[in-house]
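File shown here: start15.txt, holding compact mmCIF, C-alpha atoms.
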```txt
# COMPACT_ATOMS: atom_id res chain seq x y z
CA MET H 1 53.61 100.88 93.27
CA THR H 2 56.39 100.00 95.70
CA THR H 3 59.20 97.68 94.72
CA THR H 4 61.58 95.93 97.05
CA ALA H 5 65.24 95.60 96.18
CA HIS H 6 66.75 92.13 96.51
CA ASP H 7 69.11 91.71 99.46
CA SER H 8 72.45 90.98 97.75
CA SER H 9 73.69 89.05 100.79
CA GLN H 10 71.06 86.37 100.05
CA PRO H 11 70.99 84.11 96.98
CA PRO H 12 68.56 85.32 94.29
CA PRO H 13 65.11 83.69 94.28
CA GLU H 14 64.96 80.51 92.22
CA VAL H 15 63.51 81.00 88.76
CA GLN H 16 61.33 78.10 87.72
CA ALA H 17 59.97 77.01 84.39
CA PRO H 18 56.26 77.54 83.76
CA VAL H 19 54.14 74.39 83.89
CA PHE H 20 51.46 73.83 81.26
CA ARG H 21 49.35 70.72 81.26
CA ALA H 22 46.66 70.21 78.62
CA ALA H 23 43.37 68.80 79.89
CA GLY H 24 43.53 65.07 80.52
CA THR H 25 47.30 64.76 80.10
CA GLY H 26 48.64 64.84 83.68
CA PRO H 27 49.52 61.72 85.63
CA ALA H 28 46.43 60.07 87.12
CA THR H 29 46.16 58.01 90.30
CA TRP H 30 43.43 55.86 91.79
CA ALA H 31 43.32 56.26 95.59
CA MET H 32 40.47 56.24 98.13
CA GLY H 33 38.19 54.76 95.46
CA SER H 34 38.70 58.04 93.58
CA LEU H 35 40.51 59.56 90.60
CA PHE H 36 43.28 62.14 91.19
CA GLU H 37 44.45 63.92 88.02
CA ARG H 38 47.67 65.82 88.61
CA LEU H 39 47.70 69.38 87.32
CA VAL H 40 51.01 70.37 88.90
CA SER H 41 53.20 68.48 91.36
CA GLY H 42 55.29 69.65 94.27
CA PRO H 43 58.58 68.88 92.49
CA GLU H 44 57.45 70.99 89.50
CA THR H 45 56.98 74.01 91.81
CA ALA H 46 59.97 73.50 94.15
CA ASP H 47 57.32 72.18 96.58
CA GLN H 48 55.64 75.60 96.81
CA MET H 49 52.24 74.14 95.84
CA ALA H 50 50.51 71.22 94.14
CA ALA H 51 47.13 70.90 92.44
CA SER H 52 44.95 68.00 91.34
CA LEU H 53 41.52 67.58 89.82
CA VAL H 54 39.72 65.02 92.00
CA THR H 55 36.65 62.90 91.20
CA GLN H 56 35.09 60.95 94.07
CA PRO H 57 31.98 58.77 94.26
CA PRO H 58 29.05 59.38 96.61
CA GLY H 59 29.65 58.20 100.16
CA VAL H 60 33.45 58.58 100.24
CA ALA H 61 34.46 59.89 103.66
CA THR H 62 37.82 60.64 105.24
CA PRO H 63 38.51 60.17 108.94
CA LEU H 64 39.00 63.32 110.98
CA HIS H 65 42.66 64.16 110.44
CA VAL H 66 45.30 66.88 110.71
CA HIS H 67 48.13 67.89 108.39
CA SER H 68 51.21 69.21 110.18
CA HIS H 69 52.98 70.35 107.00
CA GLU H 70 50.37 71.70 104.56
CA ALA H 71 47.37 73.93 104.21
CA GLU H 72 44.71 72.72 101.76
CA ALA H 73 42.07 74.41 99.64
CA PHE H 74 39.21 72.92 97.64
CA TYR H 75 37.04 74.48 94.93
CA LEU H 76 33.99 72.31 94.27
CA LEU H 77 33.18 72.13 90.56
CA GLU H 78 30.35 69.56 90.66
CA GLY H 79 28.40 67.67 93.31
CA SER H 80 27.98 68.14 97.03
CA MET H 81 29.98 67.36 100.12
CA THR H 82 30.02 68.12 103.82
CA TYR H 83 33.21 69.32 105.51
CA ARG H 84 34.04 69.48 109.18
CA ALA H 85 36.86 71.95 109.72
CA GLY H 86 37.75 72.76 113.32
CA GLU H 87 34.41 73.30 115.06
CA GLY H 88 32.58 74.29 111.85
CA LEU H 89 30.41 72.12 109.62
CA PHE H 90 30.15 73.28 106.01
CA HIS H 91 27.87 72.01 103.22
CA LEU H 92 29.52 72.62 99.85
CA VAL H 93 27.84 72.65 96.43
CA ASP H 94 28.95 73.65 92.92
CA GLY H 95 31.13 76.77 93.04
CA ASP H 96 31.86 76.68 96.80
CA PHE H 97 35.39 77.03 98.16
CA ILE H 98 36.99 76.01 101.46
CA TYR H 99 40.46 76.75 102.83
CA LEU H 100 41.90 74.53 105.57
CA PRO H 101 44.89 76.01 107.42
CA ARG H 102 47.68 73.67 108.47
CA GLY H 103 46.94 72.06 111.84
CA VAL H 104 43.13 72.35 111.65
CA PRO H 105 41.39 68.98 112.18
CA HIS H 106 39.11 68.25 109.23
CA ALA H 107 37.13 65.51 107.49
CA PHE H 108 34.64 65.34 104.63
CA ARG H 109 31.93 63.14 103.21
CA VAL H 110 30.71 63.17 99.60
CA THR H 111 26.93 63.59 99.78
CA GLY H 112 24.16 63.27 97.23
CA THR H 113 23.83 60.65 94.51
CA THR H 114 26.44 61.84 92.01
CA PRO H 115 30.24 61.99 92.16
CA VAL H 116 31.97 65.21 93.18
CA ARG H 117 34.65 66.87 91.12
CA TYR H 118 36.89 69.49 92.70
CA LEU H 119 40.18 71.30 92.42
CA ALA H 120 42.48 70.38 95.32
CA LEU H 121 45.41 72.64 96.20
CA THR H 122 48.13 72.13 98.82
CA VAL H 123 50.71 74.60 100.08
CA PRO H 124 53.47 73.53 100.22
CA GLY H 125 53.14 70.96 97.49
CA THR H 126 54.37 67.75 99.09
CA LEU H 127 51.08 66.19 100.29
CA LEU H 128 49.67 65.06 96.95
CA GLY H 129 52.64 62.69 96.53
CA LEU H 130 51.05 60.64 99.32
CA TYR H 131 48.19 59.68 97.01
CA ASP H 132 50.66 58.34 94.45
CA GLU H 133 52.40 56.23 97.11
CA VAL H 134 49.19 54.89 98.63
CA GLY H 135 47.19 54.42 95.43
CA MET H 136 48.05 53.08 92.02
CA PRO H 137 48.42 54.55 88.53
CA ALA H 138 44.97 54.93 86.93
CA SER H 139 44.56 52.84 83.80
CA GLU H 140 41.72 55.15 82.68
CA ARG H 141 40.41 58.58 83.69
CA ARG H 142 37.45 57.34 85.70
CA ILE H 143 36.59 56.34 89.23
CA PRO H 144 38.08 52.86 89.81
CA GLY H 145 35.93 49.78 90.18
CA ASP H 146 37.14 46.31 91.05
CA ASP H 147 40.35 47.13 89.18
CA GLY H 148 41.41 49.53 91.98
CA LEU H 149 43.20 48.49 95.15
CA PRO H 150 41.16 46.66 97.80
CA MET H 151 40.20 49.17 100.52
CA ALA H 152 41.80 47.10 103.32
CA GLU H 153 45.14 47.15 101.47
CA GLU H 154 44.89 50.87 100.83
CA ILE H 155 44.02 51.71 104.46
CA ALA H 156 47.06 49.74 105.61
CA ARG H 157 49.19 51.82 103.22
CA TRP H 158 47.67 55.10 104.52
CA ASN H 159 48.47 54.08 108.10
CA THR H 160 52.06 53.19 107.21
CA ILE H 161 52.95 56.02 104.81
CA GLY H 162 50.73 58.90 106.05
CA PRO H 163 52.81 59.91 109.09
CA ALA H 164 55.85 60.60 106.88
CA TYR H 165 53.69 63.25 105.17
CA GLY H 166 52.58 64.80 108.47
CA LEU H 167 49.12 63.15 108.30
CA LYS H 168 47.64 62.19 111.66
CA VAL H 169 44.19 60.61 112.09
CA VAL H 170 42.45 62.10 115.14
CA GLY H 171 38.89 60.80 114.84
CA PRO H 172 36.31 58.85 112.86
CA PRO H 173 34.76 59.80 109.50
CA LEU H 174 31.71 62.05 109.38
CA PRO H 175 28.49 60.08 109.81
CA LYS H 176 26.26 59.63 106.75
CA ASP H 177 23.63 61.99 108.15
CA SER H 178 25.99 64.91 108.87
```
What is this structure when it is put down as structure tokens?
Amino acid sequence: MTTTAHDSSQPPPEVQAPVFRAAGTGPATWAMGSLFERLVSGPETADQMAASLVTQPPGVATPLHVHSHEAEAFYLLEGSMTYRAGEGLFHLVDGDFIYLPRGVPHAFRVTGTTPVRYLALTVPGTLLGLYDEVGMPASERRIPGDDGLPMAEEIARWNTIGPAYGLKVVGPPLPKDS
């Protein structure tokens, strides 16, 4: 095994505290008609990464968009969804994984008749703060109903706040039959 000595002309790497979050105890947000349960936030990792457990109802679809700051990864735990990433079209089911490099246009649609549940990761960890700004604190750990924000209000927030997070919409959502 090879080890690398630390360059003494540079400050030592920052030592961070471990983050433990028991199931169901992280902050929860309702956004996009969905539930985002925070596992670890960007500020807790010096913005190196962030992770959330996401539950979304059938039919949810994002517009085709690009992130200029982050790469994303998704591990699908339950349900099915279709992802467009670059020129590829991917159909994900339980246990599938997709990595989206920064700058790659992508969009998804939740397919099937049941909600999806997936682990969402971003590197660096700043992007998931956007959901907190656009959405609202979840009063329960479930997909919101009429007690969530009206979609028109939320879309206006996405359009206003998204660019500060490097989010740029470049096309429409995936069609229902994709």
Find the residues around Pro163 of chain H up to 10 Å (only C-alpha atoms counted), leave out those fewer than 4 positions away in its own chain, and share them as a VMD selection string. chain H and resid 67 to 68 130 158 to 159 167 to 169
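Among the candidate residues H:Leu35, H:Ala22, H:Asp177, H:Leu128, the one lying nearest to Met49 of chain H is H:Leu128, with distances computed using all atoms listed in the file.
The interatomic distance for the pair atom CA of Ser80 of chain H and atom CA of Arg142 of chain H works out to 18.3 Å.
What separates atom CA of Pro124 of chain H from atom CA of Ile161 of chain H is a distance of 18.1 Å.
One finds atom CA of Arg102 of chain H at 29.4 Å from atom CA of Thr114 of chain H.
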Would you mind listing what lies within 6 Å of Pro63 of chain H as a PyMOL selection string, with all atoms listed in the file counted and same-chain residues fewer than 4 positions away left out? chain H and resi 107+171-173
Go ahead and save the residues from that selection, with C-alpha atoms, as a short mmCIF file (atom, residue, chain, number, x, y, z; two decimals), in the coordinates of the input.
```cif
data_model
loop_
_atom_site.label_atom_id
_atom_site.label_comp_id
_atom_site.auth_asym_id
_atom_site.auth_seq_id
_atom_site.Cartn_x
_atom_site.Cartn_y
_atom_site.Cartn_z
CA ALA H 107 37.13 65.51 107.49
CA GLY H 171 38.89 60.80 114.84
CA PRO H 172 36.31 58.85 112.86
CA PRO H 173 34.76 59.80 109.50
#
```
Identify which of the residues H:Leu127, H:Val104, H:Ile143, H:Val19 lies closest to Thr45 of chain H, counting all atoms listed in the file when measuring atom-to-atom distances. H:Val19
